[in-house]
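Enquirer: Here you go, run00.tsv (TSV, C-alpha atoms):
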```tsv
chain	number	residue	atom	x	y	z
U	3	MET	CA	-14.39	3.28	26.93
U	4	PRO	CA	-14.20	4.58	23.32
U	5	CYS	CA	-10.91	5.01	21.49
U	6	ARG	CA	-9.02	8.10	22.64
U	7	GLY	CA	-8.11	8.89	19.05
U	8	CYS	CA	-11.06	8.17	16.79
U	9	GLY	CA	-13.94	7.40	19.16
U	10	SER	CA	-14.44	3.81	17.98
U	11	GLU	CA	-16.28	1.64	20.48
U	12	ARG	CA	-14.09	-1.40	19.83
U	13	LEU	CA	-10.76	-1.81	21.59
U	14	ASP	CA	-8.66	-4.98	21.85
U	15	THR	CA	-6.49	-5.62	24.92
U	16	ILE	CA	-2.89	-6.33	23.93
U	17	LEU	CA	-1.14	-6.04	27.32
U	18	ASP	CA	-2.66	-6.61	30.74
U	19	LEU	CA	-0.53	-6.08	33.86
U	20	GLY	CA	-3.41	-6.58	36.26
U	21	ARG	CA	-3.65	-4.20	39.21
U	22	GLN	CA	-0.57	-2.07	39.84
U	23	PRO	CA	0.33	0.79	42.20
U	24	ALA	CA	0.18	4.26	40.68
U	25	ALA	CA	3.45	4.90	38.87
U	26	ASP	CA	3.65	8.56	39.86
U	27	PHE	CA	2.93	8.37	43.60
U	28	PHE	CA	6.06	7.87	45.72
U	29	PRO	CA	5.06	7.47	49.40
U	30	PRO	CA	7.28	8.40	52.37
U	31	ALA	CA	9.86	5.68	53.02
U	32	ASP	CA	8.51	4.90	56.48
U	33	SER	CA	4.85	4.65	55.45
U	34	PRO	CA	2.99	1.29	55.49
U	35	VAL	CA	3.23	-0.66	52.25
U	36	ASP	CA	-0.49	-0.76	51.63
U	37	ASP	CA	-0.62	1.39	48.52
U	38	PRO	CA	-3.84	1.23	46.49
U	39	THR	CA	-3.63	-0.53	43.14
U	40	HIS	CA	-5.28	0.27	39.84
U	41	PRO	CA	-5.96	-1.60	36.58
U	42	LEU	CA	-3.12	-1.23	34.09
U	43	ALA	CA	-3.68	-2.44	30.54
U	44	MET	CA	-2.90	-1.37	26.98
U	45	ALA	CA	-5.59	-1.55	24.33
U	46	LEU	CA	-5.37	-1.28	20.56
U	47	CYS	CA	-7.94	0.34	18.30
U	48	PRO	CA	-8.40	-1.71	15.12
U	49	SER	CA	-9.92	1.33	13.39
U	50	CYS	CA	-7.13	3.91	13.77
U	51	ALA	CA	-4.31	1.66	15.14
U	52	LEU	CA	-3.78	3.77	18.27
U	53	ALA	CA	-2.35	1.82	21.22
U	54	GLN	CA	-3.60	3.41	24.41
U	55	LEU	CA	-4.04	3.18	28.15
U	56	ALA	CA	-7.26	1.26	28.62
U	57	GLU	CA	-8.35	3.13	31.75
U	58	ASP	CA	-6.82	5.30	34.45
U	59	ASP	CA	-8.37	6.31	37.77
U	60	THR	CA	-5.12	7.60	39.30
U	61	VAL	CA	-4.26	11.19	40.22
U	62	THR	CA	-0.87	12.45	39.07
U	63	GLU	CA	1.43	13.37	41.96
U	64	GLU	CA	4.90	12.57	40.64
U	65	PRO	CA	7.78	14.68	42.02
U	66	ARG	CA	9.52	16.63	39.28
U	67	GLY	CA	12.35	14.65	37.78
U	68	VAL	CA	15.83	15.77	36.76
U	69	GLU	CA	16.29	15.85	32.99
U	70	PRO	CA	18.87	13.21	32.00
U	71	LEU	CA	21.89	14.25	29.98
U	72	ALA	CA	20.84	11.80	27.24
U	73	LEU	CA	17.60	13.73	26.78
U	74	ILE	CA	19.41	17.08	26.75
U	75	ASP	CA	21.93	15.84	24.18
U	76	GLN	CA	19.15	14.47	22.02
U	77	ALA	CA	17.30	17.80	22.11
U	78	VAL	CA	20.42	19.61	20.94
U	79	ASP	CA	20.87	17.09	18.14
U	80	ALA	CA	17.21	17.35	17.13
U	81	VAL	CA	17.19	21.14	17.00
U	82	ASP	CA	20.39	21.11	14.93
U	83	ARG	CA	18.94	18.62	12.43
U	84	VAL	CA	15.66	20.50	12.11
U	85	SER	CA	17.58	23.74	11.57
U	86	THR	CA	19.79	22.15	8.93
U	87	ALA	CA	16.67	20.99	7.11
U	88	GLY	CA	15.55	24.63	6.92
U	89	TRP	CA	12.43	24.46	9.07
U	90	PHE	CA	13.32	27.57	11.10
U	91	GLU	CA	13.91	29.82	8.10
U	92	GLY	CA	11.42	32.67	7.97
U	93	ARG	CA	9.95	31.70	11.34
U	94	SER	CA	10.38	33.76	14.50
U	95	THR	CA	8.09	32.49	17.28
U	96	VAL	CA	7.78	29.20	19.15
U	97	ARG	CA	5.26	27.66	21.53
U	98	GLU	CA	6.02	24.54	23.53
U	99	PHE	CA	3.62	21.93	24.87
U	100	GLY	CA	5.74	20.51	27.66
U	101	SER	CA	6.01	17.10	29.29
U	102	PRO	CA	5.27	16.62	33.01
U	103	HIS	CA	8.59	14.79	33.24
U	104	GLY	CA	10.49	18.04	32.71
U	105	GLY	CA	12.88	19.27	30.07
U	106	SER	CA	12.39	21.99	27.49
U	107	TRP	CA	13.58	22.88	24.00
U	108	LEU	CA	12.96	26.61	24.42
U	109	GLY	CA	16.54	27.45	25.35
U	110	HIS	CA	17.90	25.57	22.35
U	111	LEU	CA	15.33	27.17	20.04
U	112	GLY	CA	16.00	30.62	21.47
U	113	ALA	CA	19.60	30.24	20.35
U	114	ARG	CA	18.21	29.81	16.84
U	115	GLY	CA	16.34	33.12	17.04
U	116	LEU	CA	12.90	31.79	17.95
U	117	GLN	CA	11.07	33.76	20.63
U	118	PRO	CA	8.62	31.93	22.94
U	119	VAL	CA	4.96	32.96	23.01
U	120	ASP	CA	2.08	31.82	25.22
U	121	GLU	CA	-1.59	31.46	24.49
U	122	LYS	CA	-1.33	32.54	20.86
U	123	PRO	CA	-0.37	30.94	17.55
U	124	ALA	CA	3.34	30.44	16.82
U	125	ASP	CA	5.42	29.73	13.74
U	126	VAL	CA	6.90	26.64	15.42
U	127	VAL	CA	5.00	24.45	17.87
U	128	VAL	CA	7.04	21.87	19.80
U	129	ASP	CA	5.88	18.77	21.66
U	130	CYS	CA	8.57	16.41	22.95
U	131	PHE	CA	6.95	13.38	24.64
U	132	GLY	CA	4.18	15.61	25.98
U	133	ILE	CA	1.10	14.74	23.96
U	134	MET	CA	0.95	11.14	25.20
U	135	HIS	CA	-0.10	12.50	28.60
U	136	SER	CA	-3.45	13.78	27.26
U	137	PRO	CA	-6.44	11.48	27.91
U	138	ASP	CA	-8.36	12.91	24.94
U	139	GLN	CA	-5.96	12.41	22.07
U	140	ARG	CA	-8.21	13.85	19.38
U	141	ALA	CA	-8.59	17.09	21.37
U	142	ALA	CA	-4.85	17.24	22.14
U	143	PHE	CA	-3.89	17.09	18.46
U	144	ALA	CA	-6.51	19.73	17.66
U	145	ASP	CA	-5.01	22.00	20.35
U	146	ARG	CA	-1.59	21.77	18.76
U	147	ARG	CA	-3.03	22.42	15.33
U	148	ASP	CA	-4.82	25.51	16.64
U	149	ALA	CA	-1.54	26.75	18.15
U	150	LEU	CA	0.06	26.96	14.70
U	151	ALA	CA	0.29	30.32	12.97
U	152	PRO	CA	-0.40	30.33	9.20
U	153	GLY	CA	2.47	28.51	7.51
U	154	GLY	CA	3.66	27.11	10.84
U	155	VAL	CA	5.20	23.72	11.59
U	156	LEU	CA	4.50	21.27	14.41
U	157	LEU	CA	7.55	19.37	15.69
U	158	LEU	CA	6.39	16.31	17.56
U	159	GLN	CA	8.65	13.65	19.07
U	160	PHE	CA	7.36	10.28	20.22
U	161	HIS	CA	8.50	6.87	21.43
U	162	SER	CA	7.76	4.42	18.64
U	163	LEU	CA	5.31	1.58	19.31
U	164	ALA	CA	7.42	-0.57	16.98
U	165	THR	CA	10.38	-0.06	19.33
U	166	ILE	CA	8.26	-0.85	22.37
U	167	VAL	CA	7.10	-4.12	20.79
U	168	ASP	CA	10.44	-5.13	19.21
U	169	GLN	CA	12.44	-4.57	22.40
U	170	GLY	CA	9.81	-5.92	24.76
U	171	GLN	CA	9.50	-2.57	26.54
U	172	TRP	CA	6.26	-3.59	28.21
U	173	ASN	CA	6.90	-1.34	31.21
U	174	ALA	CA	6.61	1.70	28.95
U	175	LEU	CA	2.94	1.19	29.82
U	176	ARG	CA	2.10	3.28	32.86
U	177	HIS	CA	-0.68	5.29	34.41
U	178	GLY	CA	-0.77	8.81	32.98
U	179	HIS	CA	0.65	7.72	29.60
U	180	PHE	CA	-2.48	7.55	27.50
U	181	ALA	CA	-1.13	6.89	23.99
U	182	TYR	CA	1.63	4.83	22.29
U	183	TYR	CA	2.10	5.76	18.65
U	184	SER	CA	2.83	3.69	15.60
U	185	MET	CA	3.45	5.74	12.47
U	186	THR	CA	0.07	4.50	11.24
U	187	ALA	CA	-1.75	5.85	14.29
U	188	LEU	CA	0.15	9.14	14.27
U	189	ARG	CA	-0.67	9.71	10.63
U	190	SER	CA	-4.37	9.17	11.35
U	191	LEU	CA	-4.33	11.60	14.30
U	192	LEU	CA	-2.49	14.28	12.34
U	193	ARG	CA	-4.73	13.94	9.30
U	194	GLY	CA	-7.75	14.12	11.58
U	195	CYS	CA	-6.82	17.69	12.51
U	196	GLY	CA	-5.69	18.74	9.04
U	197	LEU	CA	-1.95	18.16	9.29
U	198	THR	CA	0.43	16.19	7.07
U	199	MET	CA	3.83	14.78	7.98
U	200	SER	CA	6.35	16.71	5.92
U	201	ASP	CA	9.67	15.59	7.40
U	202	LEU	CA	11.00	12.86	9.67
U	203	TRP	CA	14.07	12.19	11.82
U	204	SER	CA	14.93	9.11	13.91
U	205	PHE	CA	16.94	8.87	17.14
U	206	ASP	CA	18.33	6.09	19.33
U	207	LEU	CA	16.81	7.55	22.51
U	208	TYR	CA	14.71	5.00	24.46
U	209	GLY	CA	15.68	2.39	21.89
U	210	GLY	CA	14.03	4.23	19.00
U	211	THR	CA	12.12	7.50	18.74
U	212	TYR	CA	10.91	9.66	15.87
U	213	LEU	CA	10.57	13.39	15.43
U	214	VAL	CA	8.09	14.50	12.77
U	215	ALA	CA	7.50	17.89	11.21
U	216	ALA	CA	3.83	18.34	10.31
U	217	THR	CA	2.20	21.22	8.45
U	218	ALA	CA	-1.22	22.30	7.25
U	219	ASP	CA	0.17	22.87	3.76
U	220	PRO	CA	-2.37	21.29	1.37
U	221	GLY	CA	0.46	20.55	-1.06
U	222	ALA	CA	2.66	18.76	1.48
U	223	VAL	CA	3.96	15.34	0.46
U	224	GLU	CA	4.84	12.68	3.00
U	225	PRO	CA	8.53	11.71	2.99
U	226	GLU	CA	9.40	8.41	1.35
U	227	ARG	CA	10.74	7.15	4.69
U	228	VAL	CA	7.28	7.60	6.23
U	229	GLN	CA	5.80	5.51	3.45
U	230	GLU	CA	8.39	2.79	4.07
U	231	ILE	CA	7.61	2.71	7.81
U	232	LEU	CA	3.87	2.56	7.17
U	233	ALA	CA	4.36	-0.37	4.79
U	234	GLU	CA	6.57	-2.20	7.29
U	235	GLU	CA	4.04	-1.70	10.09
U	236	HIS	CA	1.31	-3.10	7.87
U	237	ARG	CA	3.47	-6.09	6.90
U	238	ARG	CA	4.13	-6.86	10.55
U	239	GLY	CA	0.53	-6.36	11.59
U	240	LEU	CA	1.48	-3.77	14.18
U	241	HIS	CA	-2.15	-2.65	14.19
U	242	THR	CA	-3.34	-6.13	15.25
U	243	VAL	CA	-3.43	-8.18	18.44
U	244	ALA	CA	-1.23	-10.86	16.87
U	245	GLY	CA	1.36	-8.30	15.73
U	246	THR	CA	1.76	-6.90	19.25
U	247	SER	CA	1.58	-10.15	21.23
U	248	ALA	CA	5.29	-9.96	22.10
U	249	LEU	CA	4.50	-7.33	24.74
U	250	GLN	CA	2.52	-9.68	26.96
U	251	HIS	CA	5.10	-12.43	26.52
U	252	ALA	CA	7.87	-10.02	27.56
U	253	ALA	CA	5.94	-8.83	30.60
U	254	ASP	CA	5.33	-12.37	31.76
U	255	ALA	CA	8.96	-13.41	31.27
U	256	ASN	CA	10.94	-10.35	32.39
U	257	ALA	CA	9.53	-10.08	35.88
U	258	THR	CA	10.24	-13.77	36.52
U	259	ARG	CA	13.79	-13.47	35.21
U	260	LEU	CA	14.51	-10.38	37.31
U	261	ARG	CA	13.35	-12.08	40.49
U	262	GLN	CA	15.41	-15.18	39.72
U	263	TRP	CA	18.53	-13.08	39.14
U	264	LEU	CA	18.04	-11.16	42.39
U	265	GLU	CA	17.46	-14.37	44.33
U	266	ASP	CA	20.60	-15.91	42.79
U	267	SER	CA	22.57	-12.78	43.75
U	268	ARG	CA	21.34	-13.03	47.33
U	269	ARG	CA	22.33	-16.72	47.52
U	270	ARG	CA	25.83	-15.74	46.40
U	271	GLY	CA	25.96	-13.12	49.13
U	272	HIS	CA	25.89	-10.20	46.67
U	273	THR	CA	24.16	-6.93	47.52
U	274	VAL	CA	22.15	-5.37	44.69
U	275	ALA	CA	20.83	-1.81	44.45
U	276	ALA	CA	19.22	-0.04	41.51
U	277	TYR	CA	19.44	3.34	39.84
U	278	GLY	CA	16.45	5.17	38.41
U	279	ALA	CA	13.22	5.62	40.39
U	280	ALA	CA	11.48	6.04	37.07
U	281	SER	CA	7.82	5.34	36.42
U	282	ARG	CA	8.77	2.43	34.19
U	283	ALA	CA	10.46	0.71	37.17
U	284	VAL	CA	7.30	0.72	39.27
U	285	ALA	CA	5.41	-2.01	37.41
U	286	LEU	CA	8.59	-4.08	36.98
U	287	LEU	CA	9.35	-4.22	40.71
U	288	ALA	CA	5.73	-4.64	41.74
U	289	ARG	CA	4.99	-7.32	39.16
U	290	ALA	CA	8.10	-9.27	40.21
U	291	GLY	CA	7.27	-8.88	43.91
U	292	ILE	CA	10.65	-7.32	44.70
U	293	THR	CA	11.26	-6.04	48.22
U	294	ARG	CA	14.32	-4.59	49.96
U	295	ASP	CA	15.55	-8.03	51.01
U	296	LEU	CA	16.42	-8.52	47.33
U	297	LEU	CA	17.01	-4.92	46.22
U	298	VAL	CA	18.35	-2.74	49.01
U	299	SER	CA	17.59	0.67	47.48
U	300	VAL	CA	16.87	2.63	44.32
U	301	ALA	CA	18.95	5.76	43.74
U	302	ASP	CA	17.67	8.74	41.80
U	303	ALA	CA	18.95	12.21	40.95
U	304	SER	CA	15.64	13.90	41.84
U	305	PRO	CA	15.81	15.36	45.38
U	306	GLY	CA	12.02	15.27	45.49
U	307	LYS	CA	12.11	11.48	45.55
U	308	HIS	CA	14.71	11.08	48.29
U	309	GLY	CA	13.25	9.82	51.56
U	310	ARG	CA	10.42	8.16	49.70
U	311	ARG	CA	9.99	4.57	48.54
U	312	MET	CA	9.05	2.80	45.35
U	313	PRO	CA	5.27	2.38	45.05
U	314	GLY	CA	3.97	-1.02	46.10
U	315	THR	CA	7.18	-2.07	47.85
U	316	ASP	CA	9.36	-1.16	50.83
U	317	ILE	CA	12.44	-0.31	48.72
U	318	PRO	CA	13.71	3.16	49.73
U	319	ILE	CA	14.74	5.83	47.23
U	320	VAL	CA	18.14	7.34	48.02
U	321	SER	CA	20.51	9.92	46.60
U	322	PRO	CA	23.35	8.97	44.23
U	323	ALA	CA	25.81	9.82	47.01
U	324	THR	CA	24.11	7.39	49.36
U	325	LEU	CA	24.23	4.72	46.67
U	326	VAL	CA	27.98	5.17	46.22
U	327	ALA	CA	28.57	5.11	49.97
U	328	SER	CA	26.65	1.83	50.33
U	329	ALA	CA	29.05	0.14	47.86
U	330	PRO	CA	26.68	-2.51	46.44
U	331	ASP	CA	28.11	-5.41	44.47
U	332	ALA	CA	25.84	-4.63	41.51
U	333	VAL	CA	23.58	-1.77	40.42
U	334	LEU	CA	20.58	-2.56	38.26
U	335	LEU	CA	20.00	0.29	35.80
U	336	THR	CA	16.26	0.73	35.18
U	337	VAL	CA	16.78	3.34	32.44
U	338	PRO	CA	19.50	2.11	30.05
U	339	ASP	CA	19.84	5.52	28.35
U	340	LEU	CA	21.48	6.82	31.54
U	341	LEU	CA	24.47	4.46	31.35
U	342	LEU	CA	27.00	6.74	29.63
U	343	GLU	CA	26.10	9.68	31.86
U	344	LEU	CA	26.37	7.61	35.05
U	345	GLU	CA	29.67	6.05	34.03
U	346	ARG	CA	31.06	9.60	33.87
U	347	THR	CA	29.40	11.03	36.98
U	348	LEU	CA	29.69	7.99	39.28
U	349	PRO	CA	33.07	6.44	38.42
U	350	GLU	CA	33.14	4.77	41.85
U	351	LEU	CA	30.58	2.27	40.51
U	352	ALA	CA	32.58	1.24	37.45
U	353	GLY	CA	32.07	-2.41	36.57
U	354	ARG	CA	28.94	-2.76	38.70
U	355	TRP	CA	26.29	-1.49	36.30
U	356	VAL	CA	23.81	-4.12	35.11
U	357	VAL	CA	21.50	-3.18	32.23
U	358	ASP	CA	20.08	-6.63	31.53
U	359	PRO	CA	20.56	-9.12	34.37
U	360	VAL	CA	20.15	-12.12	32.09
U	361	ASP	CA	22.72	-11.14	29.44
```
Translate this file's structure into structure tokens.
Expert:
Amino acid sequence: MPCRGCGSERLDTILDLGRQPAADFFPPADSPVDDPTHPLAMALCPSCALAQLAEDDTVTEEPRGVEPLALIDQAVDAVDRVSTAGWFEGRSTVREFGSPHGGSWLGHLGARGLQPVDEKPADVVVDCFGIMHSPDQRAAFADRRDALAPGGVLLLQFHSLATIVDQGQWNALRHGHFAYYSMTALRSLLRGCGLTMSDLWSFDLYGGTYLVAATADPGAVEPERVQEILAEEHRRGLHTVAGTSALQHAADANATRLRQWLEDSRRRGHTVAAYGAASRAVALLARAGITRDLLVSVADASPGKHGRRMPGTDIPIVSPATLVASAPDAVLLTVPDLLLELERTLPELAGRWVVDPVD
């Protein structure tokens, strides 16, 4: 398969999770655990530095999720910072390329006087974690460029590949997520469709994300911070197999450590549940071979997932109320960004949250 960004025929595998169940198909809880599996690997293009899903033969069926408070708060913060930087001045229309995981900036942008438009160019084009879901990355960036009115700005937020590598977030790899961006790769994709990064903001969400403002202004100058990040990525070799090898090491180690912790908890007579039937939890549980004898349930706020089970295992997905009523000794949090929100909304579980079972 050629590179999704530049079309190069050479791709190097940097993370191989073998065959995994589809991360977006949650079967009924009482169905047989004989889910089909699919290859799941991340490849790196040495030509344009784009990390990408090597192949995907799954069909997206994921129930709509509930937008976490952390994501809502971050959107408010992002819109405020972009506004303060003056990017909304003289602009009146907005078009959003959404994410299948839900959430929208349109309400926040409407409060700033921007009116949404469909199927025509807009002064502001927004993509928050949406573009990574496009199999053809070159075409996806061109679509967003074409959606810009003259003098418009593209606001694009992405989960940083540097964060994924540094924090061993190997289970960010999933079916349906076709691209993982370093600043080097993003710059190449933007330049390929005639856009230049003109501003940059960083956020703590997911361990480290960036929001870039890109324009077609031929006189645009990249921010100094972008230049610093590009230099650091080059120094680390983030565009090489060696520079991203920590991902495979983390994948091999984390699943083993999770299973050991759950087995130790069972030997001590402790009951463990989890919170967050997120796509990133699918490969973790499947790779570690976790079943409900070790993890009794996974709670999730999405009603569409209740009465279903985690793909590739018999662990049922339950409501937050059911989780509280079951009174587990510990609750493994599969999405750390939810911790502050859950501490407020589920005070009954105080002292039982576990973000990293080996800390």
Enquirer: Please, which residues in stretch 8-34 of chain U fall within 12 Å of stretch 135-152 of chain U when counting only C-alpha atoms, and what is the closest atom pair and distance in Å to one decimal for each, ordered by chain then residue number, as a tab-separated table?
Expert:
```
residue	atom	partner	partner_atom	distance
U:Cys8	CA	U:Arg140	CA	6.9
U:Gly9	CA	U:Arg140	CA	8.6
U:Ser10	CA	U:Arg140	CA	11.9
```
Enquirer: Could you check the closest approach to U:Gly209 for each of U:Phe160, U:Trp355, U:Trp263, U:Phe180 and tell me which residue wins, using only C-alpha atoms?
Expert: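 Ranked by minimum distance to U:Gly209, first place goes to U:Phe160.
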Enquirer: Interatomic distance between atom CA of U:Arg310 and atom CA of U:Pro30?
Expert: 4.1 Å
Enquirer: Go through U:Ile133, U:Ala303, U:Val96, U:Val127 and flag the residue nearest U:His179, using all atoms listed in the file for the distances.
Expert: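 Nearest candidate to U:His179 out of U:Ile133, U:Ala303, U:Val96, U:Val127: U:Ile133.
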Enquirer: Using all atoms listed in the file, which residues sit within 8 Å of U:Gln54 once same-chain residues fewer than 2 positions away are excluded, as a list in words?
Expert: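 Non-adjacent residues within range: Arg6, Met44, Ala45, Leu46, Leu52, Ala56, His179, Phe180, Ala181 and Tyr182 of chain U.
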Enquirer: Find the residues around U:Ala87 up to 9 Å (all atoms listed in the file counted), leave out those fewer than 4 positions away in its own chain, and share them as a list in words.
Expert: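 Within the cut-off, the hits are Asp82, Arg83 and Asp201 of chain U.
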